[in-house]
Amino acid sequence: THIFRTWRTVAARYGFEEYDGPPLEPLELYTSKSGAEIVGQLYEFEDKGKRRVALRPEMTPTLARMVAAHAKGLKKPIRWFSIPQLFRYERQQRGRLREHFQLNCDLIGEAGPLGDAEIVALALDVMRAFGLGPADVRVRLSDRRLLGGILSSLGLDGGTQSLAHHALDKLGRSEYAGRRKALVDAGVADRAIGRIESLKDMRGLDDVMREFPDAAPVAQPLQAMFDALGAMGLGDFVDLDLTIVRGLAYYTGSVFELFDAGRSLRAICGGGRYDNLLEALGGVDLPAVGFGMGDVVLGELIRDRGVAPAVPASIDVLVAGVTPDDMPHVLQLAHELRDANVRTEYALGPQAVGKQLKLADARQARWAVVIGPDERAKGEVMLRDLEGKAQRTVPRGQVVGLVADSRISKEM
Ligand code: HAM
């Protein structure tokens with residue numbers, strides 16, 4: 001609840017509106033554009049109408065299809081967010097489960113880099129809202145246009161560039177050897193491979209421009225993103241990382257991932273620009289950029305860093321009766337309190353007052369109101385402040401106002 005509430009609060013701050021879509025989609029929605037990795041993880045089956053369908057593994061194709069269908073009637077840029085439950089048949093491990101929830105924030109209809117910066121800023125402000133700073137979370141930012149320019153300058157064409165993407169994705173890991181061999185087999189020279197490997201050491205766009213001056217014209221959007229995030233005061237969170245390529249096939253521009261600073265967990269969030277997906281899935285040419293942030297790794301990080309909030313009280317008041325004859329009065333008062341927006345509970349059967357007060361403690365209630373025959377005879381109730389352990393009698397007619405009004409704590 002804390003995660004979902006924080007997600008909604010920050011998305012609203014950026015003017016994003018909430019949407020949802022169907023959890024079951026036609027299989028080809030994913031097989032056409034998402035890429036092999038996610039297609040291998042689909043929960044898919046044939047329905048009774050002999051249609052091939054899949055539980056949604058991600059939200060972006062659904063969003064692209066929905067927005068494309070209604071594009072004419074929507075004011076651009078479209079700022080939409082959703083918190084879908086998603087299903088992926090993955091090997092379960094720390095940070096990766098077979099179902100998770102994901103905050104999706106997407107900005108559709110804006111091609112310029114301020115749109116990309118807005119999306120990264122939103123992801124970072126979500127982190128800040130959880131109490132996490134640049135010492136806890138880092139954004140690793142790249143751009144497929146820049147990477148394409150670099151790879152072209154090294155003589156790689158479409159086919160070998162995609163092999164280079166796969167290789168960069170695994171750089172420094174055991175799977176890299178196989179990916180490197182694929183480049184060699186495709187005829188990419190050792191020297192070019194060495195320069196591709198050197199991308200992991202580039203920490204700033206200046207380094208990149210010095211090493212690959214031919215790619216300068218396609219570095220502009222990424223530079224503009226760095227500048228905008230710096231102007232927003234978020235520059236401390238952001239690292240250039242040209243090894244970030246992302247597993248999904250539809251990205252066309254900026255790509256980024258958020259990781260814990262210690263790099264002990266899986267990615268918290270991933271996203272980027274996908275300017276061709278709405279055209280491909282819905283026949284409408286609209287640029288788009290967005291991210292997905294999962295609840296699993298985020299939950300682990302929040303716990304690790306000790307920024308999880310204490311479990312909040314579930315009620316404000318417990319209304320207790322002394323004898324069975326008090327029950328109608330308990331019910332009446334409880335109902336008045338709920339009408340006044342005070343969170344209220346009472347025991348659902350006859351119980352000793354002490355037991356009812358124990359329930360109040362367990363619920364972390366701030367107040368208990370005790371109604372007994374003696375108080376009723378005088379038109380009063382007993383009001384106990386469970387924090388300060390003080391108690392006093394108050395007129396029955398005033399108790400709702402007193403409890404609903406926070407000033408009572410000062411009075412007692
Ligand atoms: P993704 O990188 O596949 O991107 O997922 C985004 C985030 O969802 C990951 O960084 C991770 O936190 C979480 N996640 C993914 N799979 C799992 C899993 N099996 N268990 C737990 N958490 C998981 C996308 O899905 C893109 N559609 C995001 C996007 C939106 N791009 C543009 N707009």
# chains A, B, ... in the order shown; residues from 1 in each chain; ligands from 1
>>> select_by_dssp(residues="stretch 114-231 of chain A", states="strand (DSSP E)", output="PyMOL selection string")
chain A and resi 137-143
>>> write_last_selection(atoms="all heavy atoms", output="mmCIF file, in the first residue's frame")
data_model
loop_
_atom_site.group_PDB
_atom_site.id
_atom_site.type_symbol
_atom_site.label_atom_id
_atom_site.label_comp_id
_atom_site.auth_asym_id
_atom_site.auth_seq_id
_atom_site.Cartn_x
_atom_site.Cartn_y
_atom_site.Cartn_z
ATOM 1 N N VAL A 137 20.411 5.089 -4.960
ATOM 2 C CA VAL A 137 19.905 4.700 -6.282
ATOM 3 C C VAL A 137 20.634 5.475 -7.371
ATOM 4 O O VAL A 137 20.892 6.673 -7.218
ATOM 5 C CB VAL A 137 18.411 5.076 -6.431
ATOM 6 C CG1 VAL A 137 17.816 4.386 -7.649
ATOM 7 C CG2 VAL A 137 17.615 4.731 -5.215
ATOM 8 N N ARG A 138 20.943 4.794 -8.471
ATOM 9 C CA ARG A 138 21.588 5.451 -9.617
ATOM 10 C C ARG A 138 20.775 5.197 -10.879
ATOM 11 O O ARG A 138 20.206 4.113 -11.048
ATOM 12 C CB ARG A 138 22.995 4.875 -9.859
ATOM 13 C CG ARG A 138 23.899 4.738 -8.665
ATOM 14 C CD ARG A 138 24.328 6.044 -8.075
ATOM 15 N NE ARG A 138 24.826 6.968 -9.080
ATOM 16 C CZ ARG A 138 25.001 8.274 -8.863
ATOM 17 N NH1 ARG A 138 24.739 8.794 -7.685
ATOM 18 N NH2 ARG A 138 25.424 9.061 -9.831
ATOM 19 N N VAL A 139 20.739 6.198 -11.770
ATOM 20 C CA VAL A 139 20.193 5.986 -13.112
ATOM 21 C C VAL A 139 21.356 5.741 -14.042
ATOM 22 O O VAL A 139 22.329 6.499 -14.028
ATOM 23 C CB VAL A 139 19.509 7.257 -13.675
ATOM 24 C CG1 VAL A 139 18.854 6.951 -15.018
ATOM 25 C CG2 VAL A 139 18.523 7.813 -12.723
ATOM 26 N N ARG A 140 21.261 4.702 -14.847
ATOM 27 C CA ARG A 140 22.273 4.458 -15.886
ATOM 28 C C ARG A 140 21.600 4.752 -17.212
ATOM 29 O O ARG A 140 20.626 4.117 -17.589
ATOM 30 C CB ARG A 140 22.770 3.031 -15.778
ATOM 31 C CG ARG A 140 23.369 2.786 -14.387
ATOM 32 C CD ARG A 140 23.524 1.328 -14.096
ATOM 33 N NE ARG A 140 24.624 0.765 -14.831
ATOM 34 C CZ ARG A 140 24.826 -0.544 -14.946
ATOM 35 N NH1 ARG A 140 23.990 -1.411 -14.394
ATOM 36 N NH2 ARG A 140 25.855 -0.992 -15.621
ATOM 37 N N LEU A 141 22.147 5.751 -17.884
ATOM 38 C CA LEU A 141 21.460 6.345 -19.027
ATOM 39 C C LEU A 141 22.273 6.170 -20.304
ATOM 40 O O LEU A 141 23.495 6.374 -20.304
ATOM 41 C CB LEU A 141 21.262 7.839 -18.713
ATOM 42 C CG LEU A 141 20.595 8.735 -19.735
ATOM 43 C CD1 LEU A 141 19.188 8.252 -20.057
ATOM 44 C CD2 LEU A 141 20.542 10.173 -19.192
ATOM 45 N N SER A 142 21.588 5.802 -21.384
ATOM 46 C CA SER A 142 22.233 5.707 -22.693
ATOM 47 C C SER A 142 21.223 6.128 -23.763
ATOM 48 O O SER A 142 20.103 6.551 -23.447
ATOM 49 C CB SER A 142 22.723 4.281 -22.934
ATOM 50 O OG SER A 142 23.360 4.192 -24.192
ATOM 51 N N ASP A 143 21.641 6.015 -25.006
ATOM 52 C CA ASP A 143 20.745 6.383 -26.104
ATOM 53 C C ASP A 143 21.087 5.491 -27.289
ATOM 54 O O ASP A 143 22.253 5.419 -27.706
ATOM 55 C CB ASP A 143 20.946 7.867 -26.455
ATOM 56 C CG ASP A 143 19.849 8.365 -27.379
ATOM 57 O OD1 ASP A 143 19.638 7.752 -28.448
ATOM 58 O OD2 ASP A 143 19.195 9.364 -27.030
#
>>> residues_around(residues="A:Asn276", least_positions_apart="5", cutoff="10 Å", atoms="only C-alpha atoms", output="PyMOL selection string")
chain A and resi 33+64+250-252+281+283-288
>>> write_last_selection(atoms="C-alpha atoms", output="PDB file, in the first residue's frame")
ATOM      1  CA  LYS A  33       7.467  -6.074 -31.400  1.00  0.00           C
ATOM      2  CA  ALA A  64       0.334   1.691 -27.461  1.00  0.00           C
ATOM      3  CA  TYR A 250      11.060  -1.527 -29.492  1.00  0.00           C
ATOM      4  CA  TYR A 251      13.299   1.209 -28.033  1.00  0.00           C
ATOM      5  CA  THR A 252      14.519   3.767 -30.549  1.00  0.00           C
ATOM      6  CA  LEU A 281       0.666  -1.704 -33.294  1.00  0.00           C
ATOM      7  CA  GLY A 283      -1.158   2.649 -37.282  1.00  0.00           C
ATOM      8  CA  VAL A 284      -0.742   6.054 -35.600  1.00  0.00           C
ATOM      9  CA  ASP A 285       2.579   7.858 -35.863  1.00  0.00           C
ATOM     10  CA  LEU A 286       3.214   9.219 -32.366  1.00  0.00           C
ATOM     11  CA  PRO A 287       6.514   9.399 -30.464  1.00  0.00           C
ATOM     12  CA  ALA A 288       6.546   7.983 -26.940  1.00  0.00           C
TER      13      ALA A 288
END
>>> closest_residue(among="A:Phe45, A:Glu279, A:Gly131, A:Leu258", to="A:Arg65", atoms="only C-alpha atoms")
A:Glu279
>>> residues_around(residues="stretch 170-175 of chain A", least_positions_apart="3", cutoff="12 Å", atoms="only C-alpha atoms", output="list in words")
Leu163, Ala164, His165, His166, Ala167, Gly178, Arg179, Arg180, Lys181, Ala182, Ile193, Gly194, Ile196, Glu197, Ser198, Leu199, Lys200, Asp201, Asp241, Leu242, Thr243, Ile244, Val245, Arg246 and Gly247 of chain A
>>> residues_near_ligand(ligand="ligand 1", cutoff="7 Å", atoms="only C-alpha atoms and all ligand atoms", output="ChimeraX atom specification")
/A:58-60,88,90,95-100,102,104-106,246-248,257,267-273,289-297
>>> write_last_selection(atoms="C-alpha atoms", output="PDB file, in the first residue's frame")
ATOM      1  CA  GLU A  58       4.337  -5.791 -19.724  1.00  0.00           C
ATOM      2  CA  MET A  59       2.010  -2.840 -20.238  1.00  0.00           C
ATOM      3  CA  THR A  60       3.616  -0.938 -23.107  1.00  0.00           C
ATOM      4  CA  ARG A  88       6.375 -13.539 -16.734  1.00  0.00           C
ATOM      5  CA  GLU A  90      10.933 -16.421 -15.402  1.00  0.00           C
ATOM      6  CA  GLY A  95      14.020  -9.616  -7.262  1.00  0.00           C
ATOM      7  CA  ARG A  96      12.375 -11.633 -10.045  1.00  0.00           C
ATOM      8  CA  LEU A  97       9.039 -13.379  -9.526  1.00  0.00           C
ATOM      9  CA  ARG A  98       6.451 -14.825 -11.885  1.00  0.00           C
ATOM     10  CA  GLU A  99       4.015 -12.049 -11.125  1.00  0.00           C
ATOM     11  CA  HIS A 100       4.664  -8.496 -10.096  1.00  0.00           C
ATOM     12  CA  GLN A 102       4.751  -2.318 -12.141  1.00  0.00           C
ATOM     13  CA  ASN A 104       4.148   2.466 -15.832  1.00  0.00           C
ATOM     14  CA  CYS A 105       4.470   6.151 -16.687  1.00  0.00           C
ATOM     15  CA  ASP A 106       4.439   7.096 -20.358  1.00  0.00           C
ATOM     16  CA  ARG A 246      17.555  -2.947 -22.601  1.00  0.00           C
ATOM     17  CA  GLY A 247      16.095  -6.349 -23.436  1.00  0.00           C
ATOM     18  CA  LEU A 248      12.970  -5.050 -25.187  1.00  0.00           C
ATOM     19  CA  GLU A 257      17.683   1.689 -15.894  1.00  0.00           C
ATOM     20  CA  ALA A 267      17.089  -3.361 -11.897  1.00  0.00           C
ATOM     21  CA  ILE A 268      14.443  -1.321 -10.066  1.00  0.00           C
ATOM     22  CA  CYS A 269      13.126   0.390 -13.148  1.00  0.00           C
ATOM     23  CA  GLY A 270      13.694   0.430 -16.882  1.00  0.00           C
ATOM     24  CA  GLY A 271      12.466   2.514 -19.746  1.00  0.00           C
ATOM     25  CA  GLY A 272      13.216   4.618 -22.751  1.00  0.00           C
ATOM     26  CA  ARG A 273      11.949   6.111 -25.970  1.00  0.00           C
ATOM     27  CA  VAL A 289       8.789   7.600 -23.922  1.00  0.00           C
ATOM     28  CA  GLY A 290       8.177   5.904 -20.598  1.00  0.00           C
ATOM     29  CA  PHE A 291       9.292   3.509 -17.902  1.00  0.00           C
ATOM     30  CA  GLY A 292       8.196   0.512 -15.870  1.00  0.00           C
ATOM     31  CA  MET A 293       9.137   0.249 -12.173  1.00  0.00           C
ATOM     32  CA  GLY A 294       8.527  -3.044 -10.394  1.00  0.00           C
ATOM     33  CA  ASP A 295       7.346  -3.454  -6.822  1.00  0.00           C
ATOM     34  CA  VAL A 296       9.631  -6.402  -5.970  1.00  0.00           C
ATOM     35  CA  VAL A 297      13.150  -4.940  -6.054  1.00  0.00           C
TER      36      VAL A 297
END
>>> residues_around(residues="A:Ala320", least_positions_apart="2", cutoff="12 Å", atoms="only C-alpha atoms", output="VMD selection string")
chain A and resid 317 to 318 322 to 334 344 to 360 367 to 372 381 to 384
>>> select_by_dssp(residues="stretch 147-275 of chain A", states="alpha helix (DSSP H)", output="PyMOL selection string")
chain A and resi 147-153+158-170+176-185+190-197+205-211+220-231
>>> atom_distance(atom1="atom CA of A:Ala310", atom2="atom CA of A:His335")
28.2 Å
>>> residues_around(residues="A:Val53", least_positions_apart="5", cutoff="6 Å", atoms="only C-alpha atoms", output="ChimeraX atom specification")
/A:25-27,44-45
>>> residues_around(residues="A:Ala308", least_positions_apart="2", cutoff="10 Å", atoms="only C-alpha atoms", output="JSON, numbers by chain")
{"A": [2, 3, 130, 131, 299, 300, 301, 302, 303, 304, 305, 306, 310, 311]}
>>> closest_residue(among="A:Val120, A:Leu278, A:Pro134, A:Val319", to="A:Leu63", atoms="only C-alpha atoms")
A:Leu278
>>> residues_around(residues="A:Val394", least_positions_apart="2", cutoff="12 Å", atoms="only C-alpha atoms", output="ChimeraX atom specification")
/A:369-371,375-376,378-384,391-392,396-403,408,412
>>> write_last_selection(atoms="N, CA and C atoms", output="mmCIF file, in the first residue's frame")
data_model
loop_
_atom_site.group_PDB
_atom_site.id
_atom_site.type_symbol
_atom_site.label_atom_id
_atom_site.label_comp_id
_atom_site.auth_asym_id
_atom_site.auth_seq_id
_atom_site.Cartn_x
_atom_site.Cartn_y
_atom_site.Cartn_z
ATOM 1 N N VAL A 369 -13.784 4.919 23.412
ATOM 2 C CA VAL A 369 -14.952 5.532 24.044
ATOM 3 C C VAL A 369 -15.701 4.402 24.752
ATOM 4 N N VAL A 370 -15.903 4.534 26.054
ATOM 5 C CA VAL A 370 -16.578 3.477 26.809
ATOM 6 C C VAL A 370 -17.981 3.970 27.188
ATOM 7 N N ILE A 371 -18.988 3.155 26.828
ATOM 8 C CA ILE A 371 -20.372 3.496 27.132
ATOM 9 C C ILE A 371 -20.899 2.466 28.134
ATOM 10 N N GLU A 375 -22.814 6.011 32.807
ATOM 11 C CA GLU A 375 -22.561 7.172 31.944
ATOM 12 C C GLU A 375 -23.827 7.526 31.163
ATOM 13 N N ARG A 376 -24.493 6.475 30.658
ATOM 14 C CA ARG A 376 -25.694 6.746 29.850
ATOM 15 C C ARG A 376 -26.744 7.501 30.653
ATOM 16 N N LYS A 378 -26.336 9.599 32.814
ATOM 17 C CA LYS A 378 -25.985 11.029 32.940
ATOM 18 C C LYS A 378 -25.815 11.706 31.577
ATOM 19 N N GLY A 379 -26.090 10.965 30.475
ATOM 20 C CA GLY A 379 -25.922 11.552 29.135
ATOM 21 C C GLY A 379 -24.458 11.777 28.806
ATOM 22 N N GLU A 380 -23.583 10.876 29.326
ATOM 23 C CA GLU A 380 -22.136 11.047 29.101
ATOM 24 C C GLU A 380 -21.525 9.763 28.541
ATOM 25 N N VAL A 381 -20.283 9.870 28.113
ATOM 26 C CA VAL A 381 -19.476 8.686 27.785
ATOM 27 C C VAL A 381 -18.097 8.891 28.410
ATOM 28 N N MET A 382 -17.335 7.791 28.539
ATOM 29 C CA MET A 382 -15.959 7.892 29.034
ATOM 30 C C MET A 382 -15.028 7.918 27.823
ATOM 31 N N LEU A 383 -14.180 8.933 27.755
ATOM 32 C CA LEU A 383 -13.246 9.051 26.627
ATOM 33 C C LEU A 383 -11.832 8.796 27.134
ATOM 34 N N ARG A 384 -11.182 7.763 26.579
ATOM 35 C CA ARG A 384 -9.808 7.448 27.006
ATOM 36 C C ARG A 384 -8.832 7.796 25.896
ATOM 37 N N GLN A 391 -8.026 9.729 31.014
ATOM 38 C CA GLN A 391 -9.429 9.557 30.652
ATOM 39 C C GLN A 391 -10.295 10.557 31.399
ATOM 40 N N ARG A 392 -11.440 10.855 30.775
ATOM 41 C CA ARG A 392 -12.380 11.774 31.407
ATOM 42 C C ARG A 392 -13.765 11.509 30.831
ATOM 43 N N ARG A 396 -22.272 13.089 25.879
ATOM 44 C CA ARG A 396 -22.466 12.235 24.688
ATOM 45 C C ARG A 396 -22.569 13.079 23.423
ATOM 46 N N GLY A 397 -23.243 14.206 23.520
ATOM 47 C CA GLY A 397 -23.465 15.040 22.336
ATOM 48 C C GLY A 397 -22.186 15.682 21.792
ATOM 49 N N GLN A 398 -21.106 15.676 22.589
ATOM 50 C CA GLN A 398 -19.873 16.354 22.117
ATOM 51 C C GLN A 398 -18.798 15.393 21.635
ATOM 52 N N VAL A 399 -18.996 14.090 21.900
ATOM 53 C CA VAL A 399 -17.854 13.193 21.700
ATOM 54 C C VAL A 399 -17.426 13.082 20.237
ATOM 55 N N VAL A 400 -18.394 13.085 19.318
ATOM 56 C CA VAL A 400 -18.020 12.948 17.906
ATOM 57 C C VAL A 400 -17.161 14.146 17.484
ATOM 58 N N GLY A 401 -17.641 15.337 17.852
ATOM 59 C CA GLY A 401 -16.890 16.549 17.490
ATOM 60 C C GLY A 401 -15.508 16.554 18.116
ATOM 61 N N LEU A 402 -15.422 16.125 19.374
ATOM 62 C CA LEU A 402 -14.130 16.134 20.070
ATOM 63 C C LEU A 402 -13.132 15.183 19.409
ATOM 64 N N VAL A 403 -13.596 13.973 19.076
ATOM 65 C CA VAL A 403 -12.690 12.990 18.490
ATOM 66 C C VAL A 403 -12.314 13.385 17.065
ATOM 67 N N ILE A 408 -8.504 18.012 20.508
ATOM 68 C CA ILE A 408 -8.774 17.276 21.745
ATOM 69 C C ILE A 408 -7.471 16.840 22.422
ATOM 70 N N MET A 412 -6.542 17.364 26.638
ATOM 71 C CA MET A 412 -6.525 16.330 27.690
ATOM 72 C C MET A 412 -5.232 16.287 28.482
#
>>> atom_distance(atom1="atom CA of A:Asp385", atom2="atom CA of A:Ala362")
14.6 Å
